[in-house]
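J.: Contents of target-v1.pdb (PDB, C-alpha atoms, pLDDT in the B column) are given next:
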ATOM      1  CA  MET I   1      99.475 100.642  84.191  1.00 49.00           C
ATOM      2  CA  ASN I   2     101.044  97.282  83.572  1.00 74.00           C
ATOM      3  CA  SER I   3      98.500  94.533  82.775  1.00 81.00           C
ATOM      4  CA  TYR I   4     100.479  92.027  84.871  1.00 83.00           C
ATOM      5  CA  ILE I   5      99.946  94.197  87.964  1.00 86.00           C
ATOM      6  CA  GLU I   6      96.254  94.590  87.074  1.00 90.00           C
ATOM      7  CA  ASN I   7      95.900  90.804  86.872  1.00 92.00           C
ATOM      8  CA  ILE I   8      97.520  90.389  90.299  1.00 93.00           C
ATOM      9  CA  LYS I   9      95.184  93.004  91.762  1.00 93.00           C
ATOM     10  CA  LYS I  10      92.198  91.121  90.290  1.00 95.00           C
ATOM     11  CA  LEU I  11      93.403  87.858  91.828  1.00 95.00           C
ATOM     12  CA  ILE I  12      93.705  89.507  95.229  1.00 94.00           C
ATOM     13  CA  SER I  13      90.314  91.227  94.995  1.00 93.00           C
ATOM     14  CA  ASN I  14      88.711  87.919  93.902  1.00 95.00           C
ATOM     15  CA  ASN I  15      90.261  86.188  96.936  1.00 94.00           C
ATOM     16  CA  GLU I  16      92.479  84.032  94.743  1.00 96.00           C
ATOM     17  CA  ILE I  17      95.232  84.736  97.223  1.00 96.00           C
ATOM     18  CA  GLU I  18      97.417  81.656  96.796  1.00 96.00           C
ATOM     19  CA  GLU I  19      97.537  82.205  93.030  1.00 96.00           C
ATOM     20  CA  ALA I  20      98.417  85.849  93.545  1.00 96.00           C
ATOM     21  CA  ILE I  21     101.188  84.986  95.997  1.00 96.00           C
ATOM     22  CA  GLN I  22     102.690  82.408  93.660  1.00 96.00           C
ATOM     23  CA  ALA I  23     102.612  84.857  90.732  1.00 95.00           C
ATOM     24  CA  LEU I  24     104.171  87.594  92.866  1.00 96.00           C
ATOM     25  CA  LEU I  25     106.926  85.298  94.135  1.00 96.00           C
ATOM     26  CA  LEU I  26     107.771  84.416  90.525  1.00 94.00           C
ATOM     27  CA  GLU I  27     107.814  88.105  89.620  1.00 92.00           C
ATOM     28  CA  LEU I  28     110.086  88.887  92.566  1.00 95.00           C
ATOM     29  CA  LYS I  29     112.419  86.068  91.600  1.00 95.00           C
ATOM     30  CA  ALA I  30     112.786  87.716  88.174  1.00 93.00           C
ATOM     31  CA  ASP I  31     112.919  91.274  89.561  1.00 94.00           C
ATOM     32  CA  PRO I  32     113.841  91.430  93.273  1.00 95.00           C
ATOM     33  CA  ASN I  33     113.704  95.242  93.198  1.00 95.00           C
ATOM     34  CA  ASN I  34     110.025  95.481  92.267  1.00 95.00           C
ATOM     35  CA  ASP I  35     108.598  97.477  95.157  1.00 95.00           C
ATOM     36  CA  GLU I  36     105.058  97.323  93.783  1.00 95.00           C
ATOM     37  CA  ALA I  37     105.192  93.516  93.729  1.00 95.00           C
ATOM     38  CA  PHE I  38     106.322  93.520  97.380  1.00 97.00           C
ATOM     39  CA  PHE I  39     103.467  95.911  98.215  1.00 96.00           C
ATOM     40  CA  LEU I  40     100.920  93.627  96.539  1.00 96.00           C
ATOM     41  CA  LEU I  41     102.478  90.616  98.257  1.00 97.00           C
ATOM     42  CA  GLY I  42     101.917  92.372 101.575  1.00 96.00           C
ATOM     43  CA  ASN I  43      98.299  92.990 100.602  1.00 96.00           C
ATOM     44  CA  ALA I  44      97.856  89.309  99.744  1.00 97.00           C
ATOM     45  CA  TYR I  45      99.295  88.231 103.090  1.00 96.00           C
ATOM     46  CA  CYS I  46      96.963  90.673 104.858  1.00 93.00           C
ATOM     47  CA  LYS I  47      94.008  88.936 103.209  1.00 94.00           C
ATOM     48  CA  LEU I  48      95.275  85.707 104.795  1.00 94.00           C
ATOM     49  CA  ASN I  49      95.730  87.462 108.164  1.00 90.00           C
ATOM     50  CA  ASP I  50      99.415  86.557 107.955  1.00 92.00           C
ATOM     51  CA  TRP I  51     100.530  89.805 109.565  1.00 88.00           C
ATOM     52  CA  GLN I  52     104.205  88.915 109.957  1.00 90.00           C
ATOM     53  CA  GLN I  53     104.617  88.040 106.281  1.00 95.00           C
ATOM     54  CA  ALA I  54     102.682  91.187 105.362  1.00 94.00           C
ATOM     55  CA  LEU I  55     105.005  93.340 107.479  1.00 93.00           C
ATOM     56  CA  ASN I  56     108.032  91.646 105.911  1.00 95.00           C
ATOM     57  CA  ALA I  57     106.738  92.288 102.382  1.00 97.00           C
ATOM     58  CA  TYR I  58     105.855  95.907 103.140  1.00 95.00           C
ATOM     59  CA  GLY I  59     109.271  96.382 104.733  1.00 95.00           C
ATOM     60  CA  GLN I  60     110.956  95.087 101.583  1.00 97.00           C
ATOM     61  CA  ALA I  61     108.893  97.484  99.459  1.00 96.00           C
ATOM     62  CA  LEU I  62     109.921 100.373 101.699  1.00 95.00           C
ATOM     63  CA  SER I  63     113.597  99.431 101.583  1.00 96.00           C
ATOM     64  CA  ILE I  64     113.412  99.640  97.786  1.00 96.00           C
ATOM     65  CA  ASN I  65     111.189 102.724  97.599  1.00 96.00           C
ATOM     66  CA  PRO I  66     110.697 104.778 100.783  1.00 94.00           C
ATOM     67  CA  GLN I  67     107.804 106.655  99.102  1.00 93.00           C
ATOM     68  CA  SER I  68     105.891 103.440  98.395  1.00 91.00           C
ATOM     69  CA  LEU I  69     102.259 103.084  99.407  1.00 91.00           C
ATOM     70  CA  ALA I  70     103.571 100.256 101.554  1.00 94.00           C
ATOM     71  CA  ARG I  71     104.312 102.897 104.219  1.00 93.00           C
ATOM     72  CA  ILE I  72     100.598 103.403 104.870  1.00 93.00           C
ATOM     73  CA  ALA I  73      99.850  99.676 104.788  1.00 93.00           C
ATOM     74  CA  HIS I  74     102.804  98.894 107.066  1.00 92.00           C
ATOM     75  CA  ASP I  75     101.628 101.482 109.576  1.00 91.00           C
ATOM     76  CA  ARG I  76      98.076 100.098 109.510  1.00 90.00           C
ATOM     77  CA  VAL I  77      99.279  96.574 110.276  1.00 89.00           C
ATOM     78  CA  LEU I  78     101.295  97.965 113.169  1.00 86.00           C
ATOM     79  CA  GLU I  79      98.155  99.748 114.413  1.00 85.00           C
ATOM     80  CA  ILE I  80      96.362  96.404 114.431  1.00 79.00           C
ATOM     81  CA  PHE I  81      99.134  94.986 116.616  1.00 75.00           C
ATOM     82  CA  ASN I  82      99.042  97.990 118.926  1.00 74.00           C
ATOM     83  CA  PHE I  83      95.258  97.781 119.268  1.00 72.00           C
ATOM     84  CA  TYR I  84      95.313  94.112 120.156  1.00 63.00           C
ATOM     85  CA  ASN I  85      94.951  93.644 123.910  1.00 58.00           C
ATOM     86  CA  LYS I  86      95.672  90.114 125.104  1.00 56.00           C
ATOM     87  CA  ASP I  87      93.896  90.730 128.410  1.00 58.00           C
ATOM     88  CA  ILE I  88      90.592  91.473 126.695  1.00 55.00           C
ATOM     89  CA  TYR I  89      90.679  88.546 124.277  1.00 54.00           C
ATOM     90  CA  ASN I  90      92.413  86.008 126.526  1.00 48.00           C
ATOM     91  CA  PRO I  91      91.149  86.482 130.095  1.00 48.00           C
TER      92      PRO I  91
END
Represent the structure of the file as structure tokens.
T.:
Amino acid sequence: MNSYIENIKKLISNNEIEEAIQALLLELKADPNNDEAFFLLGNAYCKLNDWQQALNAYGQALSINPQSLARIAHDRVLEIFNFYNKDIYNP
């Protein structure tokens, strides 16, 4: 596996999310068809609880590669939205 991707994964797992996002945005500027970078970007946004940006990133990964692992992650974020019940949390 590519050491660049490994470094991004380490940043995300070490909660260095802003650094990971900046590195991924630079990577995507250089290669806008990198589905794995979009997938990792979605993961980084999930760590920030930025669900809309995560869904956008996963959607981009899926538009490039429909077999991407982003499918599972995208579906899980949607499950979070479907589980959320405004009546329970905001009486």
J.: Rounded to one decimal in Å, what is the spacing between CA of Leu11 (chain I) and CA of Gly59 (chain I)?
T.: 22.2 Å
J.: Tell me, in Å to one decimal, how far CA of Asp75 (chain I) is from CA of Gly42 (chain I).
T.: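 Value for the CA of Asp75 (chain I)-CA of Gly42 (chain I) distance: 12.1 Å.
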J.: So that I can check the surroundings of region 21-29 of chain I, please list as a PyMOL selection string every protein, DNA and RNA residue that reaches within 7 Å of it, counting only C-alpha atoms and ignoring chain neighbours fewer than 6 positions away.
T.: chain I and resi 37+41+44
J.: Which is closer to Ile12 (chain I) than all the others in I:Ala70, I:Gln53, I:Leu40, I:Ala30, using all atoms listed in the file?
T.: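 Between I:Ala70, I:Gln53, I:Leu40, I:Ala30, the residue approaching Ile12 (chain I) most closely is I:Leu40.
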J.: Using all atoms listed in the file, can you tell me which of I:Glu19, I:Glu36, I:Asp50, I:Glu79 comes closest to Asn2 (chain I)?
T.: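 Using all atoms listed in the file, the shortest distance to Asn2 (chain I) belongs to I:Glu36.
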J.: Given the file shown, determine the residues that the PyMOL selection byres ((chain I and resi 54) around 9) selects; report them as a ChimeraX atom specification.
T.: /I:39,41-46,49-53,55-59,73-74,77
J.: Of the candidates I:Arg76, I:Asp31, I:Phe38, I:Lys47, which shows the shortest atom-to-atom distance to Asn14 (chain I), using only C-alpha atoms?
T.: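 Among the listed residues, the smallest separation from Asn14 (chain I) belongs to I:Lys47.
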J.: To one decimal place, how far is CA of Ile5 (chain I) from CA of Leu69 (chain I) in Å?
T.: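 One can read the CA of Ile5 (chain I) to CA of Leu69 (chain I) distance as 14.7 Å.
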J.: Find, counting all atoms listed in the file, the residue in I:Asn7, I:Leu48, I:Ile80, I:Asn33 that gets nearest to Gln60 (chain I).
T.: I:Asn33
J.: Some atoms are missing, so please complete region 21-34 of chain I with N, CA and C atoms and return it as a compact mmCIF listing (two decimals), in the frame of the given file.
T.:
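That gives us selection_22.txt:
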# COMPACT_ATOMS: atom_id res chain seq x y z
N ILE I 21 99.89 85.09 95.31
CA ILE I 21 101.19 84.99 96.00
C ILE I 21 102.19 84.25 95.12
N GLN I 22 101.77 83.16 94.52
CA GLN I 22 102.69 82.41 93.66
C GLN I 22 103.17 83.26 92.47
N ALA I 23 102.25 83.99 91.86
CA ALA I 23 102.61 84.86 90.73
C ALA I 23 103.57 85.96 91.19
N LEU I 24 103.30 86.53 92.36
CA LEU I 24 104.17 87.59 92.87
C LEU I 24 105.55 87.07 93.23
N LEU I 25 105.62 85.88 93.80
CA LEU I 25 106.93 85.30 94.14
C LEU I 25 107.74 85.03 92.87
N LEU I 26 107.07 84.60 91.80
CA LEU I 26 107.77 84.42 90.52
C LEU I 26 108.27 85.75 89.99
N GLU I 27 107.43 86.76 90.08
CA GLU I 27 107.81 88.10 89.62
C GLU I 27 109.02 88.61 90.41
N LEU I 28 108.99 88.39 91.72
CA LEU I 28 110.09 88.89 92.57
C LEU I 28 111.37 88.09 92.36
N LYS I 29 111.23 86.85 91.94
CA LYS I 29 112.42 86.07 91.60
C LYS I 29 113.10 86.67 90.37
N ALA I 30 112.28 87.10 89.41
CA ALA I 30 112.79 87.72 88.17
C ALA I 30 113.27 89.14 88.41
N ASP I 31 112.58 89.87 89.29
CA ASP I 31 112.92 91.27 89.56
C ASP I 31 112.82 91.54 91.06
N PRO I 32 113.89 91.26 91.81
CA PRO I 32 113.84 91.43 93.27
C PRO I 32 113.77 92.88 93.74
N ASN I 33 113.79 93.83 92.83
CA ASN I 33 113.70 95.24 93.20
C ASN I 33 112.36 95.85 92.82
N ASN I 34 111.35 95.01 92.65
CA ASN I 34 110.02 95.48 92.27
C ASN I 34 109.23 95.82 93.53
